[in-house]
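Student: Handing you this structure, nothing more for now.
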Amino acid sequence: MTNGSAVGLDEGDEQRLAVVVYHENGAELGLLKPGLPLTIGRAEPSVLRIGDRRLSRVHACFLLSDNLITVEDLGSTNGSWIAGRRIQKASLEVGDELRLGGVLARLHALGRSGQPLRLEGDEHFRHAVDEEAARARQFHRPFALLVVRVERTRRDGAPPSLVEHVHRWVERVHGLLRPVDRLAPYGSDAVQLLLPETGPEEAVRIARVIAATPPDSGPRLVVGVSVYPGAADTVEELVELARAAANRAGPEQPVDVCSTAPWFDSGTVAEGSLIAGAAMRELLETARLVSASRVPVILQGETGTGKEVLARFLHDEGPRRSQRMVRVNCGAIPKELVESTLFGHERGAFTGAGQMKQGVFEEANGGTVFLDEIGEMPLAAQVALLRVLETGAFSRVGASKELTVDVRVIAATHRDLEGMVAAGSFREDLYYRLNAIILALPPLRERGDELEPLVHRFLRLANQGNGRTVQGLEPATLELLRAYSWPGNVRELKNAIERAVVVARGALLAPGDLPARVQAAGAAERPAPTPPPIERAVPAPVLEGASQAREQLRGYEAHLLQEALVATGWNRSEAAKRLGIPVRTLSYRMKVLGLKKP
Ligand SMILES: Nc1ncnc2c1ncn2[C@@H]1O[C@H](COP(=O)(O)OP(=O)(O)OP(=O)(O)O)[C@@H](O)[C@H]1O
């Protein structure tokens, strides 16, 4: 990158147009000077260099000439895109956004700038916050995080960019900021501030000064504040809380302070990595109570409701947390290997058993065994399991010696075990041994208050994992997410958000970024459109309409696949992972759609 990870606005009044490039480590700014081409790319000879492998060495060129701004793609591999269309050359206006490979570039008009303004890259900023958090924890000192964003007043919901105004207010608060304070962009419409040694009162005072920007000096600003200690224990949560507070802030209350646990105000609470709304909170209370004992627990719930995370919670909350929790998916082990997986085997116990191997119960001694999909366990293994539960003893396959272990068993299933007992496919005695405590996880459709916090959590994770900087959702997108019934529960939601983040073109997730089934659910919810008046209706042959729609779908599909392939350097298994489909399906669809590596 050209200037490390900092953005500098250090020029005079005439230099008023800039291209700001947002990438995974922050933002870079290149000034557009009349007649001087501004090339952007990954390496020299680009003028503005950004270390993102999805950019070509010299990716695109911006030029301001005769008051016209143009951008030209310089034969890049991953292309330059405006509103989903790959472009060769295009003219731009202030506020226009385009995607260069995998980074977002936006054309900004800058105001008068006096002092240099330094915005750190996100990675540096995170590092500074991590360090500050460690120091604060060790010496029991406070620090504050502020997220400042432009008040959203536009009806279209698109937030105006803060970067084009940031210098105005940052100069005003410059007197308040000390050299130790750090400032970094947070997406394209917000910045984040780290204020070491700053308690809640001081943080709020600074936030109020920032928010008190007179209307004539730019857009109104709102500020979210989170303070350590008190708001949360982890850096991630602190940032998330400040961001959530900034999102809540509005004209009536331009400074919103988050001083309690996350999601508490909205009736939900975060339990470490677990987000829990009203329905889940009671469950967690019970889980916390039983975590201390050794009694077996059954976790019941549809697929993807969070049975495994709840098992982890039970283990981590209890006295066994320093020992291992070993998970075994009973449904994934070949029937004939279930016993040796659970209990181990002696050398030569069966063909292929070249070495003695410990089983899950031995590995987890002192800790917890999590038997996922217990409903799939074959009857023979059920007998052996019953014995361990009753006596704590078992034998490795092929051994005569008995071993004793101290493990806690947590079992999970999406099946109706009682029904299976009645049908004779699950042992009644084992069922009664296991069912001392049954924790039933409600499906996501009954946990409406969790949807939004979960979406934001997954959005942030997807941004991190895919080097994206999607800032949030369009209101219509959230509507669709609410309308859908989520048969695959939290996992399906997580996958849908990840996919949406990967395909998103704008700063906010649009309805079109969601999987088709989620979009279709929204369409089903909406009232049917009024049919056009008869005299205006154009009769179209059904077949033609259908084939047109099919063509459109094919085009869309081809675009999605190509995007994933390009982003992964045409690595099929990586691309399939991103798309959430098997590699074989990807290869087949590539063939059908005629997609080939250039
Ligand atoms: N309350 C929650 N907060 C945050 N993430 C969650 C929550 N519940 C589930 N998840 C996430 O959803 C995904 C599915 O959860 P998990 O694997 O625990 O579900 P499961 O019920 O065990 O699924 P299956 O029955 O298919 O094994 C995981 O990525 C998990 O991290």
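For the structure tokens, the naming scheme is as follows: chains receive sequential letters (A, B, ...) according to their order of presentation, residues are indexed from 1 within each chain, and ligands are indexed from 1 in presentation order.
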Please identify all protein, DNA and RNA residues within 6 Å of ligand 1, counting only C-alpha atoms and all ligand atoms, and report them as number ranges by chain.
Tutor: A: 273-276, 303-309, 414, 490-491
Student: Keeping only C-alpha atoms, write those residues as a PDB file, in the first residue's frame.
Tutor:
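Result file follows (part.pdb):
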```
ATOM      1  CA  SER A 273     -20.503 -16.730  21.120  1.00  0.00           C
ATOM      2  CA  LEU A 274     -24.128 -17.728  21.645  1.00  0.00           C
ATOM      3  CA  ILE A 275     -26.871 -15.267  20.885  1.00  0.00           C
ATOM      4  CA  ALA A 276     -29.952 -15.882  22.964  1.00  0.00           C
ATOM      5  CA  THR A 303     -31.383 -29.378  12.479  1.00  0.00           C
ATOM      6  CA  GLY A 304     -29.293 -26.229  12.818  1.00  0.00           C
ATOM      7  CA  THR A 305     -31.022 -24.925  15.960  1.00  0.00           C
ATOM      8  CA  GLY A 306     -27.744 -24.804  17.886  1.00  0.00           C
ATOM      9  CA  LYS A 307     -27.589 -28.145  19.684  1.00  0.00           C
ATOM     10  CA  GLU A 308     -23.849 -28.322  19.335  1.00  0.00           C
ATOM     11  CA  VAL A 309     -23.303 -24.768  20.563  1.00  0.00           C
ATOM     12  CA  HIS A 414     -33.480 -33.922  15.779  1.00  0.00           C
ATOM     13  CA  VAL A 490     -29.616 -20.854  12.436  1.00  0.00           C
ATOM     14  CA  ARG A 491     -27.274 -22.752  10.144  1.00  0.00           C
TER      15      ARG A 491
END
```
Student: Give me every alpha helix (DSSP H) residue in region 272-380 of chain A, going by DSSP on the backbone, as a VMD selection string.
Tutor: chain A and resid 278 to 291 307 to 317 338 to 343 360 to 363 379 to 380
Student: Have a look at A:Ala245, A:Ile497, A:Leu100, A:Ala279 and name the one nearest to Gly79 (chain A); count only C-alpha atoms.
Tutor: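 With only C-alpha atoms as the atom set, the closest residue is A:Leu100.
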Student: Do you know which residues are at most 12 Å from Glu252 (chain A) counting only C-alpha atoms, after dropping those on the same chain fewer than 2 positions away, and could you put them as a count of residues only?
Tutor: 11
Student: Please compute the CA of Arg499 (chain A)-CA of Leu560 (chain A) distance, one decimal, in Å.
Tutor: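 Those two atoms sit 10.0 Å apart.
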Student: Excluding Gln300 (chain A) and residues on its chain fewer than 5 positions from it, collect all residues at most 6 Å away from it, counting only C-alpha atoms, and give them as a ChimeraX atom specification.
Tutor: /A:412-414,440
Student: Can you work out the spacing between CA of Glu390 (chain A) and CA of Glu373 (chain A) in Å, to one decimal?
Tutor: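 Going from CA of Glu390 (chain A) over to CA of Glu373 (chain A), I get 20.7 Å.
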Student: From region 192-383 of chain A, collect each residue whose DSSP state is strand (DSSP E) and return the set as a PyMOL selection string.
Tutor: chain A and resi 192-196+221-228+255-258+269-271+274-276+297-300+325-329+344-345+357-358+368-372
Student: Store the residues picked out above in a file with C-alpha atoms, as a PDB file, in the first residue's frame.
Tutor:
```
ATOM      1  CA  GLN A 192     -14.506   4.251  14.820  1.00  0.00           C
ATOM      2  CA  LEU A 193     -12.550   5.932  17.591  1.00  0.00           C
ATOM      3  CA  LEU A 194     -10.484   4.313  20.285  1.00  0.00           C
ATOM      4  CA  LEU A 195     -10.089   6.449  23.407  1.00  0.00           C
ATOM      5  CA  PRO A 196      -7.712   4.856  25.919  1.00  0.00           C
ATOM      6  CA  LEU A 221     -23.617  12.788  12.967  1.00  0.00           C
ATOM      7  CA  VAL A 222     -24.692  10.223  15.504  1.00  0.00           C
ATOM      8  CA  VAL A 223     -22.434   8.355  17.866  1.00  0.00           C
ATOM      9  CA  GLY A 224     -22.530   4.960  19.537  1.00  0.00           C
ATOM     10  CA  VAL A 225     -20.430   4.470  22.645  1.00  0.00           C
ATOM     11  CA  SER A 226     -19.246   1.357  24.415  1.00  0.00           C
ATOM     12  CA  VAL A 227     -16.954   1.456  27.403  1.00  0.00           C
ATOM     13  CA  TYR A 228     -14.722  -1.170  28.923  1.00  0.00           C
ATOM     14  CA  VAL A 255     -25.555   9.703  21.308  1.00  0.00           C
ATOM     15  CA  ASP A 256     -26.430   6.176  22.339  1.00  0.00           C
ATOM     16  CA  VAL A 257     -24.437   4.531  25.096  1.00  0.00           C
ATOM     17  CA  CYS A 258     -24.220   0.833  25.513  1.00  0.00           C
ATOM     18  CA  VAL A 269     -28.620 -11.327  25.552  1.00  0.00           C
ATOM     19  CA  ALA A 270     -25.374 -12.620  24.133  1.00  0.00           C
ATOM     20  CA  GLU A 271     -23.831 -15.560  25.910  1.00  0.00           C
ATOM     21  CA  LEU A 274     -24.128 -17.728  21.645  1.00  0.00           C
ATOM     22  CA  ILE A 275     -26.871 -15.267  20.885  1.00  0.00           C
ATOM     23  CA  ALA A 276     -29.952 -15.882  22.964  1.00  0.00           C
ATOM     24  CA  VAL A 297     -28.599 -34.404  28.993  1.00  0.00           C
ATOM     25  CA  ILE A 298     -30.518 -34.789  25.758  1.00  0.00           C
ATOM     26  CA  LEU A 299     -30.603 -31.806  23.443  1.00  0.00           C
ATOM     27  CA  GLN A 300     -33.582 -31.978  21.158  1.00  0.00           C
ATOM     28  CA  MET A 325     -15.341 -32.213  25.006  1.00  0.00           C
ATOM     29  CA  VAL A 326     -15.192 -34.848  22.293  1.00  0.00           C
ATOM     30  CA  ARG A 327     -17.952 -34.794  19.707  1.00  0.00           C
ATOM     31  CA  VAL A 328     -18.940 -37.781  17.687  1.00  0.00           C
ATOM     32  CA  ASN A 329     -21.565 -37.772  14.998  1.00  0.00           C
ATOM     33  CA  GLY A 344     -11.531 -47.954  20.865  1.00  0.00           C
ATOM     34  CA  HIS A 345     -10.051 -51.226  19.740  1.00  0.00           C
ATOM     35  CA  LYS A 357      -6.737 -47.048  19.192  1.00  0.00           C
ATOM     36  CA  GLN A 358      -8.431 -45.209  22.000  1.00  0.00           C
ATOM     37  CA  THR A 368     -17.620 -34.579  28.118  1.00  0.00           C
ATOM     38  CA  VAL A 369     -18.687 -36.863  25.286  1.00  0.00           C
ATOM     39  CA  PHE A 370     -21.106 -35.195  22.909  1.00  0.00           C
ATOM     40  CA  LEU A 371     -23.061 -37.839  21.008  1.00  0.00           C
ATOM     41  CA  ASP A 372     -24.594 -35.984  18.100  1.00  0.00           C
TER      42      ASP A 372
END
```
Student: Determine, counting only C-alpha atoms, which protein, DNA and RNA residues have an atom within 9 Å of an atom of Val295 (chain A); residues of the same chain fewer than 4 positions away are not included. Present the result as an mmCIF file with C-alpha atoms, in the first residue's frame.
Tutor:
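Once written, result-v9.cif looks like this:
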```
data_model
loop_
_atom_site.group_PDB
_atom_site.id
_atom_site.type_symbol
_atom_site.label_atom_id
_atom_site.label_comp_id
_atom_site.auth_asym_id
_atom_site.auth_seq_id
_atom_site.Cartn_x
_atom_site.Cartn_y
_atom_site.Cartn_z
ATOM 1 C CA VAL A 290 -27.274 -28.516 35.185
ATOM 2 C CA SER A 291 -23.800 -27.821 33.839
ATOM 3 C CA ARG A 408 -20.404 -36.627 31.164
ATOM 4 C CA VAL A 409 -22.635 -37.574 28.256
ATOM 5 C CA ILE A 410 -24.574 -35.028 26.274
ATOM 6 C CA LEU A 434 -30.253 -40.465 29.009
ATOM 7 C CA ALA A 436 -32.656 -37.175 33.015
ATOM 8 C CA ILE A 437 -32.746 -33.716 31.497
#
```
Student: Excluding Leu104 (chain A) and residues on its chain fewer than 2 positions from it, collect all residues at most 7 Å away from it, counting only C-alpha atoms, and give them as a VMD selection string.
Tutor: chain A and resid 21 to 23 98 to 100 102 106
Student: Hey, which of A:Arg42, A:Arg396, A:Arg182, A:Arg85 ends up closest to Gly348 (chain A)? Count only C-alpha atoms.
Tutor: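 For Gly348 (chain A), the nearest of the candidates is A:Arg396.
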Student: Separation of CA of Glu346 (chain A) and CA of Val407 (chain A), in Å?
Tutor: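 Between these atoms lies a distance of 21.1 Å.
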Student: So which one's closest to Leu439 (chain A), A:Pro229, A:Gly472, A:Gly301, A:Pro251? Using only C-alpha atoms, please.
Tutor: A:Gly301
